[in-house]
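Notes follow the structure.
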Amino acid sequence: MMGGRTGEEIWTIAESTEHGINPISLEVIWRGLQLREKLSNARLITVVLGAGVGDDGLAMVASAGVDEVVCVEHEKLGHFLPENHAAVLVDLIERRRPAIVLAAATTYGRTLLPYAAAKLYAGLTADCTALDIDQETCNLLQIRPAIGGNILATIETPVARPQMATVRPHSSPTPDPVDRPHAVVNREVADERLLTSLVRFTGSENLPGDEVSLANADRIVAGGRGLKKPENFRLVGDLAELLGAAVGASREAVDRGWISYPHQVGLSGKTVAPELYVAVGISGTIQHLAGMQTAHSIVAINNDPDAQIFEVADLAIQGDLFTVVPLLCERLANRRGAGNE
Amino acid sequence: MKILVAVKQVPETSKVTLDEKTGTMIREGVTSIVNPLDLYAVEKALEVKETAGGEITVLSMGPPGAERAIRECLAMGCDTGVLISDRKYRGSDTWSTSYVISQAISKLGQFDLLLFGERATDGDTGQVGPGVASFLGLPVLTYVADLAIVGARVQARRLVETGYENYTAPMPVVATVVKEIAVPRLPTLRGKQSSRKAKITMWDNDRIGADGSRLGLDGSPTRVVRIIRPKVAREGTRVIVKNEQTALGAVDQIMEFLEKRGVVETE
């Protein structure tokens with residue numbers, strides 16, 4: 001089967017939140033733009049499901065350079081009830097038959113897409129770090145790390161359609177806004193008959209304001225067993241604050257109760273790919289490395305010359321963290337103070 | 001309360017080998033364990049049983065040797081074990097796996113609560129839990145960090161990027177759980193002894209009756225076309241700190257690095 005036929009559609013799913021469109025959704029649009037370049041005549045369409053989605057959010061999506069924005073709304077889509085969101089998405093897909101459907105590998109995308117893919121007999125690849133188009137078949141090439149990041153697998157969906165993938169947050173940039181967005185914005189109301197979920201949303205608790213969420217952080221400072229005592233973990237917090245970073249932790253630190261589970265990086269915690277990862281007193285088990293080794297820049301501070309974290313570090317500081325970190329904080333604080341004068 | 005927990009047997013180390021032709025894992029000769037993230041689901045099932053009563057079925061899909069993973073869960077206190085295993089299932093992707101598991105669950109009967117780990121540490125997709133829920137036409141709650149049975153409904157707290165979200169759902173419901181939900185217990189000696197003698201139900205595809213054209217490598221929508229071992233190409237610089245003086249030097253180097261990478265502004 002030849003791809004690249006006239007009017008073939010590439011879709012990206014944008015997440016509508018109470019604070020507007022999740023910026024991560026723009027990264028997925030960037031992926032879509034790259035693919036559109038490689039598929040002649042393809043159109044890029046962004047789909048938003050929600051309730052009361054603001055015009056400014058849709059305008060932001062349009063200005064990313066897509067050809068069409070489809071926004072399906074209903075009060076029963078206001079919270080993430082997977083059955084409702086998937087039913088609407090499946091219905092849209094069956095009506096328009098896109099070739100490709102992409103979403104961010106967030107708690108939303110990683111729930112919605114498998115639920116929808118099951119109903120469609122669609123191929124779905126999780127947490128891709130790269131996407132490409134096969135020159136000959138025009139199939140989507142989905143590239144993802146597996147087995148703790150020890151291998152990179154390229155996966156294809158030869159026949160089934162659509163070809164679906166979730167994309168790892170922070171693995172791509174966001175598109176520069178275009179001068180004259182040309183996207184057609186289509187708003188529609190969801191067919192009530194599709195919205196049958198009996199699940200009820202009963203409330204949410206946001207992380208404390210001063211805590212930057214790991215998943216959305218560009219910078220992370222993480223601490224491990226080398227900190228020795230719970231009270232020493234504040235060194236990590238101090239450094240994170242000075243760098244405008246989120247606080248991460250190794251499994252050892254979480255299991256010892258020095259910090260809560262949402263901060264855990266690694267195979268049994270979160271997989272992160274920030275611009276900067278500073279590992280403080282983390283030895284770097286295979287499980288931890290699997291969760292952070294795709295970070296753009298890695299600094300590791302550890303007194304064990306054989307610490308495995310050094311294998312993936314751009315800058316390996318072999319020495320006592322209790323000497324280095326306070327000095328570093330002092331320097332950063334001075335710098336910040338000087339900058340404010 | 002009828003509870004089902006799905007578990008996967010995974011290789012113990014992350015250093016496994018792959019079949020270059022099919023891109024699937026070679027499991028022979030590698031120590032296997034219960035997927036560590038599934039143990040949180042097992043523990044939660046046991047806690048629910050302790051408070052609400054009921055019976056726990058452990059289900060796994062895999063080669064015949066995956067029976068060991070099931071016995072481990074029985075040793076922790078689960079009641080019955082079912083292994084679905086057939087050569088036809090080899091190379092199944094997450095779509096086919098979810099399909100087969102959902103077919104087997106339908107054959108097993110009605111469950112009120114179906115628990116999955118967040119994802120397996122080998123495949124790392126997290127797609128099978130939501131996939132099974134979809135095939136069964138059940139609601140799914142993913143990334144669940146807390147769960148309680150209140151009357152005929154389940155109250156769940158989902159751990160999401162911005163914090164927590166609370167939901168209630170009628171049963172039957174599928175939940176995929178994160179580590180925060182429970183601390184897995186160790187099997188007791190008595191549990192280990194009785195699990196060794198326990199009879200595990202073995203089902204192949206003749207018994208399950210899943211559509212033959214939707215199984216294994218050939219019936220899966222996706223295909224692995226290439227595998228590479230990425231080299232983490234980092235030209236790391238090492239700085240050794242011995243005393244206060246060398247520590248100051250190290251701080252200089254860190255600052256220079258952060259400036260070069262655009263993290264802090266140059267002075």
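Chain labels run A, B, ... following the order of the structure tokens; each chain numbers its residues from 1, and ligands are numbered from 1 in the order shown.
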Chain A near chain B within 6 Å: what's each residue's closest atom pair and its distance in Å to one decimal, counting only C-alpha atoms, ordered by chain then ascending residue number, as CSV?
```
residue,atom,partner,partner_atom,distance
A:Pro114,CA,B:Gly131,CA,5.3
A:Tyr115,CA,B:Gly131,CA,5.1
A:Ala118,CA,B:Gly131,CA,5.5
A:Gly123,CA,B:Pro221,CA,4.7
A:Ala126,CA,B:Thr125,CA,5.2
A:Ile147,CA,B:Asp122,CA,4.5
A:Ile151,CA,B:Arg229,CA,4.6
A:Leu152,CA,B:Ile228,CA,5.3
A:Ala153,CA,B:Ile227,CA,4.5
A:Thr154,CA,B:Arg226,CA,5.0
A:Ile155,CA,B:Val224,CA,4.3
A:Glu156,CA,B:Arg223,CA,5.3
A:Thr157,CA,B:Thr222,CA,4.4
A:Ala160,CA,B:Pro221,CA,5.6
A:Val199,CA,B:Ala169,CA,4.3
A:Arg200,CA,B:Thr168,CA,5.2
A:Phe201,CA,B:Tyr167,CA,4.5
A:Thr202,CA,B:Tyr167,CA,5.3
A:Gly203,CA,B:Asn166,CA,5.3
A:Ser204,CA,B:Glu165,CA,4.2
A:Glu205,CA,B:Tyr164,CA,5.1
A:Asn206,CA,B:Gly163,CA,4.4
A:Leu207,CA,B:Gly163,CA,4.7
A:Ala215,CA,B:Glu161,CA,6.0
A:Ala313,CA,B:Gly236,CA,5.7
A:Asp314,CA,B:Gly236,CA,4.1
A:Leu315,CA,B:Thr237,CA,5.0
A:Ala316,CA,B:Arg238,CA,4.6
A:Ile317,CA,B:Val239,CA,4.9
A:Gln318,CA,B:Ile240,CA,4.8
A:Gly319,CA,B:Val241,CA,4.6
A:Val324,CA,B:Ala247,CA,5.7
A:Leu328,CA,B:Val251,CA,5.6
```
Write the residues of the selection above to a file with C-alpha atoms, as a short mmCIF file (atom, residue, chain, number, x, y, z; two decimals), in the first residue's frame.
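New file selection27.cif:
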```cif
data_model
loop_
_atom_site.label_atom_id
_atom_site.label_comp_id
_atom_site.auth_asym_id
_atom_site.auth_seq_id
_atom_site.Cartn_x
_atom_site.Cartn_y
_atom_site.Cartn_z
CA PRO A 114 -4.38 2.39 24.25
CA TYR A 115 -8.07 2.54 25.15
CA ALA A 118 -7.94 -1.51 21.22
CA GLY A 123 -0.92 -0.17 15.99
CA ALA A 126 4.44 3.95 23.61
CA ILE A 147 14.30 -2.59 28.31
CA ILE A 151 17.98 -0.76 23.29
CA LEU A 152 16.32 1.51 20.78
CA ALA A 153 13.62 -0.24 18.81
CA THR A 154 12.13 0.95 15.54
CA ILE A 155 8.52 -0.14 15.22
CA GLU A 156 6.22 -0.03 12.25
CA THR A 157 2.54 -0.66 11.64
CA ALA A 160 -3.35 -1.58 10.26
CA VAL A 199 -17.11 7.32 36.43
CA ARG A 200 -17.32 10.59 38.36
CA PHE A 201 -14.65 13.18 38.97
CA THR A 202 -14.75 14.25 42.62
CA GLY A 203 -11.89 16.73 42.90
CA SER A 204 -8.20 17.30 42.54
CA GLU A 205 -5.26 18.35 44.64
CA ASN A 206 -2.49 20.19 42.90
CA LEU A 207 1.06 19.77 44.06
CA ALA A 215 7.17 15.54 34.32
CA ALA A 313 27.45 12.32 33.07
CA ASP A 314 28.74 15.19 30.95
CA LEU A 315 30.38 16.57 34.03
CA ALA A 316 31.39 14.12 36.74
CA ILE A 317 32.34 15.69 40.06
CA GLN A 318 34.06 13.02 42.12
CA GLY A 319 34.06 14.34 45.64
CA VAL A 324 30.63 20.88 46.77
CA LEU A 328 27.81 25.75 44.44
#
```
Non-local contacts of region 16-24 of chain A (9 Å; only C-alpha atoms; under 3 positions in same chain excluded) as a list of chain:residue names: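 So, after excluding close chain neighbours, the residues are A:Glu27, A:Val28, A:Val48, A:Leu49, A:Gly50, A:Ala51, A:Val53, A:Gly54, A:Asp56, A:Gly57, A:Leu58, A:Met60, A:Val61, A:Gly78, A:His79, A:Ala104, A:Thr106, A:Pro169, A:His170, A:Thr174, A:Asn216.
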Given only C-alpha atoms as the counted atoms, nearest of A:Asn84, A:Thr129, A:Asn303, A:Ser283 to Glu192 (chain A): A:Asn84
Determine, counting only C-alpha atoms, which protein, DNA and RNA residues have an atom within 8 Å of an atom of Val101 (chain A); residues of the same chain fewer than 4 positions away are not included. Present the result as a compact mmCIF listing (two decimals) with N, CA, C and O atoms, in the first residue's frame.
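part-v3.txt, written as the output of this step:
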```
# COMPACT_ATOMS: atom_id res chain seq x y z
N ILE A 10 -2.54 13.61 9.23
CA ILE A 10 -1.73 13.35 10.42
C ILE A 10 -2.43 14.10 11.55
O ILE A 10 -2.67 15.29 11.46
N TRP A 11 -2.74 13.37 12.61
CA TRP A 11 -3.42 14.02 13.74
C TRP A 11 -2.50 14.09 14.95
O TRP A 11 -1.74 13.16 15.22
N THR A 12 -2.64 15.20 15.69
CA THR A 12 -2.05 15.23 17.02
C THR A 12 -3.18 15.55 18.00
O THR A 12 -4.10 16.29 17.68
N ILE A 13 -3.10 14.95 19.17
CA ILE A 13 -4.11 15.21 20.20
C ILE A 13 -3.54 16.27 21.14
O ILE A 13 -2.41 16.13 21.62
N PRO A 162 -5.37 3.55 12.11
CA PRO A 162 -4.22 4.46 11.98
C PRO A 162 -2.97 3.93 12.68
O PRO A 162 -3.03 2.98 13.45
N GLN A 163 -1.86 4.58 12.36
CA GLN A 163 -0.60 4.31 13.03
C GLN A 163 -0.54 5.27 14.21
O GLN A 163 -0.55 6.48 14.02
N MET A 164 -0.54 4.72 15.42
CA MET A 164 -0.64 5.59 16.59
C MET A 164 0.63 5.52 17.44
O MET A 164 1.29 4.49 17.50
N ALA A 165 0.96 6.64 18.08
CA ALA A 165 2.14 6.66 18.95
C ALA A 165 1.97 7.72 20.02
O ALA A 165 1.35 8.76 19.78
```
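Using only C-alpha atoms, the smallest distance between any of B:Leu113, B:Ile105, B:Ile84, B:Cys78 and Pro64 (chain B) comes from B:Ile84.
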